[in-house]
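Coordinates as given in input03.pdb (PDB, C-alpha atoms, pLDDT in the B column):
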```pdb
ATOM      1  CA  MET A   1      65.122  -9.182 -58.062  1.00 74.00           C
ATOM      2  CA  PRO A   2      62.389  -9.941 -55.503  1.00 88.00           C
ATOM      3  CA  GLU A   3      59.634  -7.381 -55.106  1.00 92.00           C
ATOM      4  CA  PRO A   4      58.557  -5.812 -51.814  1.00 94.00           C
ATOM      5  CA  LYS A   5      55.729  -7.517 -49.973  1.00 90.00           C
ATOM      6  CA  VAL A   6      52.370  -5.743 -49.759  1.00 90.00           C
ATOM      7  CA  ALA A   7      52.663  -5.880 -45.960  1.00 92.00           C
ATOM      8  CA  SER A   8      55.736  -3.622 -46.133  1.00 95.00           C
ATOM      9  CA  PHE A   9      53.928  -0.829 -48.019  1.00 96.00           C
ATOM     10  CA  PRO A  10      53.202   1.274 -44.896  1.00 96.00           C
ATOM     11  CA  ALA A  11      56.898   1.070 -43.971  1.00 98.00           C
ATOM     12  CA  ILE A  12      57.816   2.074 -47.529  1.00 98.00           C
ATOM     13  CA  ARG A  13      55.531   5.112 -47.333  1.00 98.00           C
ATOM     14  CA  GLY A  14      57.167   6.168 -44.066  1.00 98.00           C
ATOM     15  CA  ALA A  15      60.652   5.588 -45.479  1.00 98.00           C
ATOM     16  CA  LEU A  16      59.749   7.643 -48.544  1.00 98.00           C
ATOM     17  CA  LYS A  17      58.615  10.599 -46.441  1.00 98.00           C
ATOM     18  CA  PHE A  18      61.800  10.390 -44.346  1.00 98.00           C
ATOM     19  CA  TYR A  19      63.915  10.153 -47.521  1.00 98.00           C
ATOM     20  CA  GLN A  20      62.181  13.176 -49.053  1.00 98.00           C
ATOM     21  CA  ILE A  21      62.816  15.334 -45.983  1.00 98.00           C
ATOM     22  CA  ALA A  22      66.409  14.146 -45.612  1.00 98.00           C
ATOM     23  CA  SER A  23      67.197  14.722 -49.282  1.00 98.00           C
ATOM     24  CA  ILE A  24      65.884  18.287 -49.234  1.00 97.00           C
ATOM     25  CA  ILE A  25      67.795  19.176 -46.058  1.00 97.00           C
ATOM     26  CA  THR A  26      70.973  17.546 -47.378  1.00 97.00           C
ATOM     27  CA  GLY A  27      70.611  19.285 -50.744  1.00 97.00           C
ATOM     28  CA  VAL A  28      70.196  22.705 -49.130  1.00 97.00           C
ATOM     29  CA  MET A  29      73.154  22.083 -46.824  1.00 97.00           C
ATOM     30  CA  LEU A  30      75.268  20.996 -49.804  1.00 97.00           C
ATOM     31  CA  LEU A  31      74.407  24.168 -51.709  1.00 98.00           C
ATOM     32  CA  LEU A  32      75.370  26.240 -48.646  1.00 97.00           C
ATOM     33  CA  LEU A  33      78.623  24.273 -48.414  1.00 97.00           C
ATOM     34  CA  VAL A  34      79.424  24.930 -52.084  1.00 97.00           C
ATOM     35  CA  ALA A  35      78.755  28.661 -51.584  1.00 97.00           C
ATOM     36  CA  GLU A  36      81.020  28.636 -48.509  1.00 96.00           C
ATOM     37  CA  MET A  37      83.798  26.889 -50.434  1.00 96.00           C
ATOM     38  CA  VAL A  38      83.546  29.365 -53.312  1.00 97.00           C
ATOM     39  CA  LEU A  39      83.840  32.248 -50.847  1.00 96.00           C
ATOM     40  CA  LYS A  40      86.811  30.719 -49.055  1.00 95.00           C
ATOM     41  CA  TYR A  41      88.887  29.049 -51.767  1.00 94.00           C
ATOM     42  CA  THR A  42      88.533  31.507 -54.662  1.00 95.00           C
ATOM     43  CA  PRO A  43      90.316  34.876 -54.700  1.00 95.00           C
ATOM     44  CA  ILE A  44      87.418  36.260 -52.612  1.00 95.00           C
ATOM     45  CA  HIS A  45      88.918  34.603 -49.458  1.00 95.00           C
ATOM     46  CA  LEU A  46      86.040  35.183 -47.003  1.00 96.00           C
ATOM     47  CA  GLU A  47      84.348  33.183 -44.236  1.00 96.00           C
ATOM     48  CA  LEU A  48      81.010  33.892 -42.591  1.00 96.00           C
ATOM     49  CA  PHE A  49      80.901  34.557 -38.838  1.00 96.00           C
ATOM     50  CA  ALA A  50      78.152  35.176 -36.297  1.00 96.00           C
ATOM     51  CA  GLY A  51      78.920  37.436 -33.352  1.00 95.00           C
ATOM     52  CA  GLY A  52      82.316  38.733 -32.433  1.00 93.00           C
ATOM     53  CA  ARG A  53      83.735  42.128 -33.323  1.00 94.00           C
ATOM     54  CA  GLY A  54      81.944  42.277 -36.708  1.00 92.00           C
ATOM     55  CA  GLY A  55      78.395  42.149 -35.357  1.00 93.00           C
ATOM     56  CA  LEU A  56      75.555  39.705 -35.849  1.00 96.00           C
ATOM     57  CA  LEU A  57      76.579  38.319 -39.285  1.00 96.00           C
ATOM     58  CA  TRP A  58      79.780  39.331 -41.009  1.00 95.00           C
ATOM     59  CA  PHE A  59      82.487  38.138 -43.362  1.00 96.00           C
ATOM     60  CA  ALA A  60      86.092  37.788 -42.199  1.00 95.00           C
ATOM     61  CA  GLU A  61      89.097  37.615 -44.448  1.00 95.00           C
ATOM     62  CA  VAL A  62      90.969  34.343 -44.909  1.00 95.00           C
ATOM     63  CA  VAL A  63      94.746  34.712 -45.207  1.00 94.00           C
ATOM     64  CA  GLU A  64      97.551  32.392 -46.199  1.00 93.00           C
ATOM     65  CA  GLY A  65      99.344  31.199 -43.077  1.00 92.00           C
ATOM     66  CA  PRO A  66     102.164  28.749 -42.357  1.00 93.00           C
ATOM     67  CA  GLU A  67      99.638  25.879 -42.115  1.00 91.00           C
ATOM     68  CA  GLY A  68      97.428  26.881 -45.055  1.00 91.00           C
ATOM     69  CA  LEU A  69      94.416  29.185 -45.097  1.00 91.00           C
ATOM     70  CA  GLU A  70      93.625  30.787 -41.724  1.00 92.00           C
ATOM     71  CA  SER A  71      90.614  32.878 -40.800  1.00 90.00           C
ATOM     72  CA  THR A  72      91.007  36.294 -39.226  1.00 92.00           C
ATOM     73  CA  GLY A  73      87.528  36.329 -37.700  1.00 93.00           C
ATOM     74  CA  ASP A  74      86.316  35.803 -34.176  1.00 93.00           C
ATOM     75  CA  GLY A  75      82.916  34.658 -32.997  1.00 93.00           C
ATOM     76  CA  PHE A  76      81.109  31.564 -34.273  1.00 96.00           C
ATOM     77  CA  ASN A  77      82.457  30.398 -37.649  1.00 95.00           C
ATOM     78  CA  LEU A  78      79.273  29.724 -39.632  1.00 96.00           C
ATOM     79  CA  SER A  79      81.306  28.421 -42.570  1.00 94.00           C
ATOM     80  CA  LEU A  80      82.697  25.670 -40.372  1.00 94.00           C
ATOM     81  CA  GLY A  81      79.232  25.104 -38.883  1.00 96.00           C
ATOM     82  CA  ILE A  82      77.795  24.565 -42.376  1.00 96.00           C
ATOM     83  CA  LEU A  83      80.542  22.041 -43.111  1.00 95.00           C
ATOM     84  CA  VAL A  84      79.889  20.052 -39.926  1.00 97.00           C
ATOM     85  CA  ALA A  85      76.093  20.224 -40.263  1.00 96.00           C
ATOM     86  CA  HIS A  86      76.222  18.959 -43.846  1.00 96.00           C
ATOM     87  CA  GLY A  87      78.430  16.067 -42.734  1.00 96.00           C
ATOM     88  CA  TRP A  88      75.963  14.965 -40.067  1.00 97.00           C
ATOM     89  CA  PHE A  89      72.918  15.478 -42.291  1.00 97.00           C
ATOM     90  CA  TYR A  90      74.656  13.413 -44.955  1.00 97.00           C
ATOM     91  CA  VAL A  91      74.885  10.510 -42.498  1.00 98.00           C
ATOM     92  CA  VAL A  92      71.123  10.804 -41.862  1.00 98.00           C
ATOM     93  CA  TYR A  93      70.567  11.056 -45.619  1.00 98.00           C
ATOM     94  CA  LEU A  94      72.597   7.875 -46.200  1.00 98.00           C
ATOM     95  CA  PHE A  95      70.467   6.083 -43.617  1.00 98.00           C
ATOM     96  CA  SER A  96      67.294   7.233 -45.394  1.00 98.00           C
ATOM     97  CA  CYS A  97      68.744   6.076 -48.740  1.00 98.00           C
ATOM     98  CA  PHE A  98      69.635   2.681 -47.283  1.00 98.00           C
ATOM     99  CA  ARG A  99      66.166   2.276 -45.780  1.00 98.00           C
ATOM    100  CA  MET A 100      64.463   3.200 -49.060  1.00 98.00           C
ATOM    101  CA  TRP A 101      66.803   0.956 -51.060  1.00 97.00           C
ATOM    102  CA  SER A 102      66.387  -2.064 -48.782  1.00 97.00           C
ATOM    103  CA  LEU A 103      62.593  -1.809 -48.489  1.00 97.00           C
ATOM    104  CA  MET A 104      62.156  -1.408 -52.248  1.00 97.00           C
ATOM    105  CA  ARG A 105      64.686  -4.201 -52.935  1.00 96.00           C
ATOM    106  CA  TRP A 106      66.461  -2.188 -55.609  1.00 97.00           C
ATOM    107  CA  PRO A 107      69.830  -3.179 -57.149  1.00 97.00           C
ATOM    108  CA  PHE A 108      72.968  -1.915 -55.380  1.00 97.00           C
ATOM    109  CA  LEU A 109      73.733   0.563 -58.177  1.00 97.00           C
ATOM    110  CA  ARG A 110      70.515   2.380 -57.277  1.00 97.00           C
ATOM    111  CA  PHE A 111      71.792   2.827 -53.706  1.00 98.00           C
ATOM    112  CA  ILE A 112      75.014   4.332 -55.078  1.00 98.00           C
ATOM    113  CA  MET A 113      72.985   6.789 -57.183  1.00 97.00           C
ATOM    114  CA  LEU A 114      70.910   7.762 -54.151  1.00 97.00           C
ATOM    115  CA  ALA A 115      74.040   8.222 -52.026  1.00 97.00           C
ATOM    116  CA  LEU A 116      75.645  10.469 -54.648  1.00 97.00           C
ATOM    117  CA  GLY A 117      72.717  12.846 -54.187  1.00 95.00           C
ATOM    118  CA  GLY A 118      74.344  14.126 -51.015  1.00 95.00           C
ATOM    119  CA  VAL A 119      77.702  14.958 -52.603  1.00 96.00           C
ATOM    120  CA  ILE A 120      76.790  16.205 -56.103  1.00 97.00           C
ATOM    121  CA  PRO A 121      75.121  19.627 -55.915  1.00 97.00           C
ATOM    122  CA  LEU A 122      71.435  19.630 -56.960  1.00 97.00           C
ATOM    123  CA  LEU A 123      71.336  15.843 -57.535  1.00 97.00           C
ATOM    124  CA  SER A 124      69.448  15.189 -54.285  1.00 97.00           C
ATOM    125  CA  PHE A 125      66.570  17.393 -55.498  1.00 98.00           C
ATOM    126  CA  PHE A 126      66.314  15.512 -58.799  1.00 98.00           C
ATOM    127  CA  MET A 127      66.661  12.104 -57.133  1.00 97.00           C
ATOM    128  CA  GLU A 128      64.004  13.010 -54.557  1.00 98.00           C
ATOM    129  CA  ALA A 129      61.507  13.884 -57.291  1.00 98.00           C
ATOM    130  CA  ILE A 130      62.316  10.773 -59.342  1.00 98.00           C
ATOM    131  CA  VAL A 131      62.216   8.383 -56.375  1.00 98.00           C
ATOM    132  CA  ALA A 132      58.980   9.841 -54.987  1.00 98.00           C
ATOM    133  CA  ARG A 133      57.248   9.588 -58.367  1.00 98.00           C
ATOM    134  CA  GLU A 134      58.481   6.024 -59.004  1.00 98.00           C
ATOM    135  CA  VAL A 135      57.712   4.687 -55.533  1.00 98.00           C
ATOM    136  CA  LYS A 136      54.227   6.221 -55.393  1.00 98.00           C
ATOM    137  CA  ALA A 137      53.419   4.848 -58.862  1.00 97.00           C
ATOM    138  CA  TYR A 138      54.811   1.415 -57.927  1.00 97.00           C
ATOM    139  CA  LEU A 139      52.768   1.256 -54.715  1.00 96.00           C
ATOM    140  CA  ALA A 140      49.591   2.369 -56.477  1.00 95.00           C
ATOM    141  CA  THR A 141      50.066  -0.216 -59.234  1.00 95.00           C
ATOM    142  CA  ARG A 142      50.838  -3.056 -56.843  1.00 93.00           C
ATOM    143  CA  GLU A 143      47.880  -2.197 -54.598  1.00 91.00           C
ATOM    144  CA  ALA A 144      45.541  -2.062 -57.583  1.00 90.00           C
ATOM    145  CA  ASP A 145      46.786  -5.467 -58.789  1.00 88.00           C
ATOM    146  CA  ALA A 146      46.689  -7.112 -55.351  1.00 76.00           C
ATOM    147  CA  ALA A 147      43.910  -9.506 -54.508  1.00 57.00           C
ATOM    148  CA  PRO A 148      41.242  -7.965 -52.230  1.00 62.00           C
ATOM    149  CA  GLY A 149      42.311 -10.185 -49.327  1.00 57.00           C
ATOM    150  CA  ASP A 150      45.955  -9.089 -49.665  1.00 52.00           C
ATOM    151  CA  ARG A 151      45.312  -5.344 -49.592  1.00 50.00           C
ATOM    152  CA  LEU A 152      46.221  -3.172 -46.694  1.00 54.00           C
ATOM    153  CA  PRO A 153      44.253  -0.021 -45.996  1.00 53.00           C
ATOM    154  CA  ALA A 154      45.999   3.165 -47.157  1.00 54.00           C
ATOM    155  CA  ASP A 155      45.579   4.644 -43.687  1.00 51.00           C
ATOM    156  CA  PRO A 156      47.188   2.496 -40.956  1.00 51.00           C
ATOM    157  CA  ASP A 157      44.682   3.862 -38.401  1.00 51.00           C
ATOM    158  CA  SER A 158      41.710   2.517 -40.362  1.00 49.00           C
ATOM    159  CA  HIS A 159      42.171  -1.145 -39.401  1.00 50.00           C
ATOM    160  CA  PRO A 160      38.928  -2.787 -38.282  1.00 51.00           C
ATOM    161  CA  SER A 161      38.522  -3.043 -34.543  1.00 48.00           C
ATOM    162  CA  PRO A 162      38.892  -6.506 -32.941  1.00 49.00           C
ATOM    163  CA  GLU A 163      35.234  -6.409 -31.879  1.00 51.00           C
ATOM    164  CA  GLY A 164      34.051  -6.251 -35.509  1.00 47.00           C
ATOM    165  CA  VAL A 165      36.103  -9.261 -36.610  1.00 47.00           C
ATOM    166  CA  ARG A 166      34.563 -12.720 -36.152  1.00 40.00           C
TER     167      ARG A 166
END
```
Would you write out, as structure tokens, the structure that this file holds?
Amino acid sequence: MPEPKVASFPAIRGALKFYQIASIITGVMLLLLVAEMVLKYTPIHLELFAGGRGGLLWFAEVVEGPEGLESTGDGFNLSLGILVAHGWFYVVYLFSCFRMWSLMRWPFLRFIMLALGGVIPLLSFFMEAIVAREVKAYLATREADAAPGDRLPADPDSHPSPEGVR
């Protein structure tokens, strides 16, 4: 498998930061979604609402109707909002996984493992920690081994000015 080029290290650092943020948001949204599903689909049969006749935040009963489970609440259905938000954040998370995977030139199975982080509760938190540790160690090792002429500065703003180059 080919290794990433030293010139792509700043892009890898940016992709890592984006991946870390996306994985934490997706993981939190997934945990909220699991809690919502437990409330709705177990004998508890509740959904969370904002506004409506119950006040600012309240739980409404879910009853069995002719077309399946139906909510009795009015106002904004936060349970449904959590479901939709997690779906959209998962798309962003997949993009961050793809970017990290393609820049690091990992095998395809690694992409699958990263993608599963958004659908298996708590996995995104573990994957985020593992990926961050591995990528930072890889970059540090490669930069230490690189020839002095091949190195890029750690800070992209610290490039020498054109006036100083002759």
Quiz prompt | Explicit residues for the PyMOL selection byres ((chain A and resi 1-5) around 8) (as a PyMOL selection string) | solution = chain A and resi 6-9+103-107
Please, could you write that set of residues out with C-alpha atoms as a short mmCIF file (atom, residue, chain, number, x, y, z; two decimals), in the coordinates of the input?
```cif
data_model
loop_
_atom_site.label_atom_id
_atom_site.label_comp_id
_atom_site.auth_asym_id
_atom_site.auth_seq_id
_atom_site.Cartn_x
_atom_site.Cartn_y
_atom_site.Cartn_z
CA VAL A 6 52.37 -5.74 -49.76
CA ALA A 7 52.66 -5.88 -45.96
CA SER A 8 55.74 -3.62 -46.13
CA PHE A 9 53.93 -0.83 -48.02
CA LEU A 103 62.59 -1.81 -48.49
CA MET A 104 62.16 -1.41 -52.25
CA ARG A 105 64.69 -4.20 -52.94
CA TRP A 106 66.46 -2.19 -55.61
CA PRO A 107 69.83 -3.18 -57.15
#
```
Practice problem: Starting from the displayed file, determine the output of the PyMOL selection byres ((chain A and resi 98) around 10) and express the residue list as a VMD selection string. | Solution: chain A and resid 15 19 92 to 97 99 to 104 108 111 to 112 114 to 115
Quiz item: So how many Å separate CA of Ala35 (chain A) and CA of Phe76 (chain A), to one decimal?
Solution: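 Those two atoms sit 17.7 Å apart.
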Self-check item: Atom pair CA of Ile120 (chain A) / CA of Val62 (chain A): separation (Å)
Solution: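 Computing the Euclidean distance for CA of Ile120 (chain A) and CA of Val62 (chain A) yields 25.6 Å.
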Practice problem: Please provide the set of residues having any atom within 8 Å of region 130-143 of chain A, restricted to only C-alpha atoms, with same-chain residues fewer than 2 positions apart removed, written as a VMD selection string. | Solution: chain A and resid 6 9 16 20 126 to 128 145 to 146 151
Let me see the file: selected residues, C-alpha atoms, as a tab-separated table (two decimals), keeping the file's coordinate frame.
```tsv
chain	number	residue	atom	x	y	z
A	6	VAL	CA	52.37	-5.74	-49.76
A	9	PHE	CA	53.93	-0.83	-48.02
A	16	LEU	CA	59.75	7.64	-48.54
A	20	GLN	CA	62.18	13.18	-49.05
A	126	PHE	CA	66.31	15.51	-58.80
A	127	MET	CA	66.66	12.10	-57.13
A	128	GLU	CA	64.00	13.01	-54.56
A	145	ASP	CA	46.79	-5.47	-58.79
A	146	ALA	CA	46.69	-7.11	-55.35
A	151	ARG	CA	45.31	-5.34	-49.59
```
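Between CA of Lys40 (chain A) and CA of Ser23 (chain A) the interatomic distance comes to 25.3 Å.
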Test item: the PyMOL selection byres ((chain A and resi 47) around 12) resolved as a PDB file with C-alpha atoms, keeping the file's coordinate frame:
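Output file result37.pdb is given in full below:
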```
ATOM      1  CA  LEU A  33      78.623  24.273 -48.414  1.00 97.00           C
ATOM      2  CA  ALA A  35      78.755  28.661 -51.584  1.00 97.00           C
ATOM      3  CA  GLU A  36      81.020  28.636 -48.509  1.00 96.00           C
ATOM      4  CA  MET A  37      83.798  26.889 -50.434  1.00 96.00           C
ATOM      5  CA  VAL A  38      83.546  29.365 -53.312  1.00 97.00           C
ATOM      6  CA  LEU A  39      83.840  32.248 -50.847  1.00 96.00           C
ATOM      7  CA  LYS A  40      86.811  30.719 -49.055  1.00 95.00           C
ATOM      8  CA  TYR A  41      88.887  29.049 -51.767  1.00 94.00           C
ATOM      9  CA  THR A  42      88.533  31.507 -54.662  1.00 95.00           C
ATOM     10  CA  ILE A  44      87.418  36.260 -52.612  1.00 95.00           C
ATOM     11  CA  HIS A  45      88.918  34.603 -49.458  1.00 95.00           C
ATOM     12  CA  LEU A  46      86.040  35.183 -47.003  1.00 96.00           C
ATOM     13  CA  LEU A  48      81.010  33.892 -42.591  1.00 96.00           C
ATOM     14  CA  PHE A  49      80.901  34.557 -38.838  1.00 96.00           C
ATOM     15  CA  ALA A  50      78.152  35.176 -36.297  1.00 96.00           C
ATOM     16  CA  LEU A  57      76.579  38.319 -39.285  1.00 96.00           C
ATOM     17  CA  TRP A  58      79.780  39.331 -41.009  1.00 95.00           C
ATOM     18  CA  PHE A  59      82.487  38.138 -43.362  1.00 96.00           C
ATOM     19  CA  ALA A  60      86.092  37.788 -42.199  1.00 95.00           C
ATOM     20  CA  GLU A  61      89.097  37.615 -44.448  1.00 95.00           C
ATOM     21  CA  VAL A  62      90.969  34.343 -44.909  1.00 95.00           C
ATOM     22  CA  VAL A  63      94.746  34.712 -45.207  1.00 94.00           C
ATOM     23  CA  LEU A  69      94.416  29.185 -45.097  1.00 91.00           C
ATOM     24  CA  GLU A  70      93.625  30.787 -41.724  1.00 92.00           C
ATOM     25  CA  SER A  71      90.614  32.878 -40.800  1.00 90.00           C
ATOM     26  CA  THR A  72      91.007  36.294 -39.226  1.00 92.00           C
ATOM     27  CA  GLY A  73      87.528  36.329 -37.700  1.00 93.00           C
ATOM     28  CA  ASP A  74      86.316  35.803 -34.176  1.00 93.00           C
ATOM     29  CA  GLY A  75      82.916  34.658 -32.997  1.00 93.00           C
ATOM     30  CA  PHE A  76      81.109  31.564 -34.273  1.00 96.00           C
ATOM     31  CA  ASN A  77      82.457  30.398 -37.649  1.00 95.00           C
ATOM     32  CA  LEU A  78      79.273  29.724 -39.632  1.00 96.00           C
ATOM     33  CA  SER A  79      81.306  28.421 -42.570  1.00 94.00           C
ATOM     34  CA  LEU A  80      82.697  25.670 -40.372  1.00 94.00           C
ATOM     35  CA  GLY A  81      79.232  25.104 -38.883  1.00 96.00           C
ATOM     36  CA  ILE A  82      77.795  24.565 -42.376  1.00 96.00           C
ATOM     37  CA  LEU A  83      80.542  22.041 -43.111  1.00 95.00           C
TER      38      LEU A  83
END
```
Quiz prompt | Shortest interatomic distance to Ile25 (chain A) - which of A:Val84, A:Arg13, A:Phe89, A:Met113, counting all atoms listed in the file | solution =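 Closest residue, counting all atoms listed in the file: A:Phe89.
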Please reconstruct the missing atoms of region 83-93 of chain A (target: all heavy atoms) and return them as a PDB file, keeping the file's coordinate frame.
```pdb
ATOM      1  N   LEU A  83      79.780  23.243 -42.755  1.00 95.00           N
ATOM      2  CA  LEU A  83      80.542  22.041 -43.111  1.00 95.00           C
ATOM      3  C   LEU A  83      80.190  20.872 -42.196  1.00 95.00           C
ATOM      4  O   LEU A  83      79.880  19.766 -42.652  1.00 95.00           O
ATOM      5  CB  LEU A  83      82.040  22.338 -43.035  1.00 95.00           C
ATOM      6  CG  LEU A  83      82.984  21.168 -43.258  1.00 95.00           C
ATOM      7  CD1 LEU A  83      82.979  20.767 -44.712  1.00 95.00           C
ATOM      8  CD2 LEU A  83      84.382  21.538 -42.808  1.00 95.00           C
ATOM      9  N   VAL A  84      80.185  21.108 -40.903  1.00 97.00           N
ATOM     10  CA  VAL A  84      79.889  20.052 -39.926  1.00 97.00           C
ATOM     11  C   VAL A  84      78.431  19.598 -40.034  1.00 97.00           C
ATOM     12  O   VAL A  84      78.134  18.398 -40.030  1.00 97.00           O
ATOM     13  CB  VAL A  84      80.228  20.529 -38.496  1.00 97.00           C
ATOM     14  CG1 VAL A  84      79.734  19.547 -37.461  1.00 97.00           C
ATOM     15  CG2 VAL A  84      81.727  20.761 -38.359  1.00 97.00           C
ATOM     16  N   ALA A  85      77.520  20.568 -40.162  1.00 96.00           N
ATOM     17  CA  ALA A  85      76.093  20.224 -40.263  1.00 96.00           C
ATOM     18  C   ALA A  85      75.823  19.384 -41.509  1.00 96.00           C
ATOM     19  O   ALA A  85      75.068  18.408 -41.452  1.00 96.00           O
ATOM     20  CB  ALA A  85      75.249  21.495 -40.275  1.00 96.00           C
ATOM     21  N   HIS A  86      76.428  19.755 -42.635  1.00 96.00           N
ATOM     22  CA  HIS A  86      76.222  18.959 -43.846  1.00 96.00           C
ATOM     23  C   HIS A  86      76.747  17.539 -43.647  1.00 96.00           C
ATOM     24  O   HIS A  86      76.105  16.564 -44.069  1.00 96.00           O
ATOM     25  CB  HIS A  86      76.913  19.578 -45.059  1.00 96.00           C
ATOM     26  CG  HIS A  86      76.919  18.651 -46.240  1.00 96.00           C
ATOM     27  ND1 HIS A  86      75.775  18.321 -46.932  1.00 96.00           N
ATOM     28  CD2 HIS A  86      77.916  17.949 -46.812  1.00 96.00           C
ATOM     29  CE1 HIS A  86      76.077  17.457 -47.887  1.00 96.00           C
ATOM     30  NE2 HIS A  86      77.369  17.214 -47.840  1.00 96.00           N
ATOM     31  N   GLY A  87      77.879  17.397 -42.984  1.00 96.00           N
ATOM     32  CA  GLY A  87      78.430  16.067 -42.734  1.00 96.00           C
ATOM     33  C   GLY A  87      77.482  15.191 -41.934  1.00 96.00           C
ATOM     34  O   GLY A  87      77.246  14.024 -42.278  1.00 96.00           O
ATOM     35  N   TRP A  88      76.896  15.745 -40.886  1.00 97.00           N
ATOM     36  CA  TRP A  88      75.963  14.965 -40.067  1.00 97.00           C
ATOM     37  C   TRP A  88      74.649  14.705 -40.801  1.00 97.00           C
ATOM     38  O   TRP A  88      74.081  13.620 -40.716  1.00 97.00           O
ATOM     39  CB  TRP A  88      75.718  15.637 -38.730  1.00 97.00           C
ATOM     40  CG  TRP A  88      76.859  15.404 -37.801  1.00 97.00           C
ATOM     41  CD1 TRP A  88      77.810  16.301 -37.411  1.00 97.00           C
ATOM     42  CD2 TRP A  88      77.206  14.167 -37.166  1.00 97.00           C
ATOM     43  NE1 TRP A  88      78.714  15.706 -36.575  1.00 97.00           N
ATOM     44  CE2 TRP A  88      78.369  14.398 -36.407  1.00 97.00           C
ATOM     45  CE3 TRP A  88      76.657  12.893 -37.180  1.00 97.00           C
ATOM     46  CZ2 TRP A  88      78.981  13.395 -35.666  1.00 97.00           C
ATOM     47  CZ3 TRP A  88      77.267  11.897 -36.435  1.00 97.00           C
ATOM     48  CH2 TRP A  88      78.409  12.158 -35.692  1.00 97.00           C
ATOM     49  N   PHE A  89      74.150  15.705 -41.528  1.00 97.00           N
ATOM     50  CA  PHE A  89      72.918  15.478 -42.291  1.00 97.00           C
ATOM     51  C   PHE A  89      73.143  14.458 -43.400  1.00 97.00           C
ATOM     52  O   PHE A  89      72.226  13.727 -43.767  1.00 97.00           O
ATOM     53  CB  PHE A  89      72.375  16.788 -42.872  1.00 97.00           C
ATOM     54  CG  PHE A  89      71.538  17.566 -41.903  1.00 97.00           C
ATOM     55  CD1 PHE A  89      71.956  18.785 -41.431  1.00 97.00           C
ATOM     56  CD2 PHE A  89      70.322  17.067 -41.462  1.00 97.00           C
ATOM     57  CE1 PHE A  89      71.194  19.493 -40.520  1.00 97.00           C
ATOM     58  CE2 PHE A  89      69.537  17.770 -40.558  1.00 97.00           C
ATOM     59  CZ  PHE A  89      69.980  18.983 -40.090  1.00 97.00           C
ATOM     60  N   TYR A  90      74.365  14.410 -43.928  1.00 97.00           N
ATOM     61  CA  TYR A  90      74.656  13.413 -44.955  1.00 97.00           C
ATOM     62  C   TYR A  90      74.580  12.000 -44.377  1.00 97.00           C
ATOM     63  O   TYR A  90      74.122  11.079 -45.048  1.00 97.00           O
ATOM     64  CB  TYR A  90      76.031  13.663 -45.599  1.00 97.00           C
ATOM     65  CG  TYR A  90      76.312  12.706 -46.721  1.00 97.00           C
ATOM     66  CD1 TYR A  90      75.558  12.722 -47.896  1.00 97.00           C
ATOM     67  CD2 TYR A  90      77.315  11.752 -46.613  1.00 97.00           C
ATOM     68  CE1 TYR A  90      75.805  11.830 -48.923  1.00 97.00           C
ATOM     69  CE2 TYR A  90      77.572  10.859 -47.645  1.00 97.00           C
ATOM     70  CZ  TYR A  90      76.805  10.903 -48.785  1.00 97.00           C
ATOM     71  OH  TYR A  90      77.033  10.018 -49.805  1.00 97.00           O
ATOM     72  N   VAL A  91      74.999  11.824 -43.148  1.00 98.00           N
ATOM     73  CA  VAL A  91      74.885  10.510 -42.498  1.00 98.00           C
ATOM     74  C   VAL A  91      73.412  10.120 -42.376  1.00 98.00           C
ATOM     75  O   VAL A  91      73.025   8.983 -42.669  1.00 98.00           O
ATOM     76  CB  VAL A  91      75.581  10.515 -41.117  1.00 98.00           C
ATOM     77  CG1 VAL A  91      75.282   9.239 -40.352  1.00 98.00           C
ATOM     78  CG2 VAL A  91      77.081  10.710 -41.280  1.00 98.00           C
ATOM     79  N   VAL A  92      72.569  11.061 -41.960  1.00 98.00           N
ATOM     80  CA  VAL A  92      71.123  10.804 -41.862  1.00 98.00           C
ATOM     81  C   VAL A  92      70.561  10.506 -43.253  1.00 98.00           C
ATOM     82  O   VAL A  92      69.749   9.593 -43.426  1.00 98.00           O
ATOM     83  CB  VAL A  92      70.398  12.004 -41.209  1.00 98.00           C
ATOM     84  CG1 VAL A  92      68.891  11.842 -41.264  1.00 98.00           C
ATOM     85  CG2 VAL A  92      70.871  12.194 -39.779  1.00 98.00           C
ATOM     86  N   TYR A  93      71.009  11.264 -44.240  1.00 98.00           N
ATOM     87  CA  TYR A  93      70.567  11.056 -45.619  1.00 98.00           C
ATOM     88  C   TYR A  93      70.946   9.652 -46.101  1.00 98.00           C
ATOM     89  O   TYR A  93      70.140   8.967 -46.739  1.00 98.00           O
ATOM     90  CB  TYR A  93      71.179  12.135 -46.518  1.00 98.00           C
ATOM     91  CG  TYR A  93      70.911  11.938 -47.986  1.00 98.00           C
ATOM     92  CD1 TYR A  93      69.655  12.185 -48.524  1.00 98.00           C
ATOM     93  CD2 TYR A  93      71.915  11.517 -48.845  1.00 98.00           C
ATOM     94  CE1 TYR A  93      69.408  12.009 -49.869  1.00 98.00           C
ATOM     95  CE2 TYR A  93      71.682  11.345 -50.200  1.00 98.00           C
ATOM     96  CZ  TYR A  93      70.418  11.588 -50.704  1.00 98.00           C
ATOM     97  OH  TYR A  93      70.178  11.404 -52.036  1.00 98.00           O
TER      98      TYR A  93
END
```
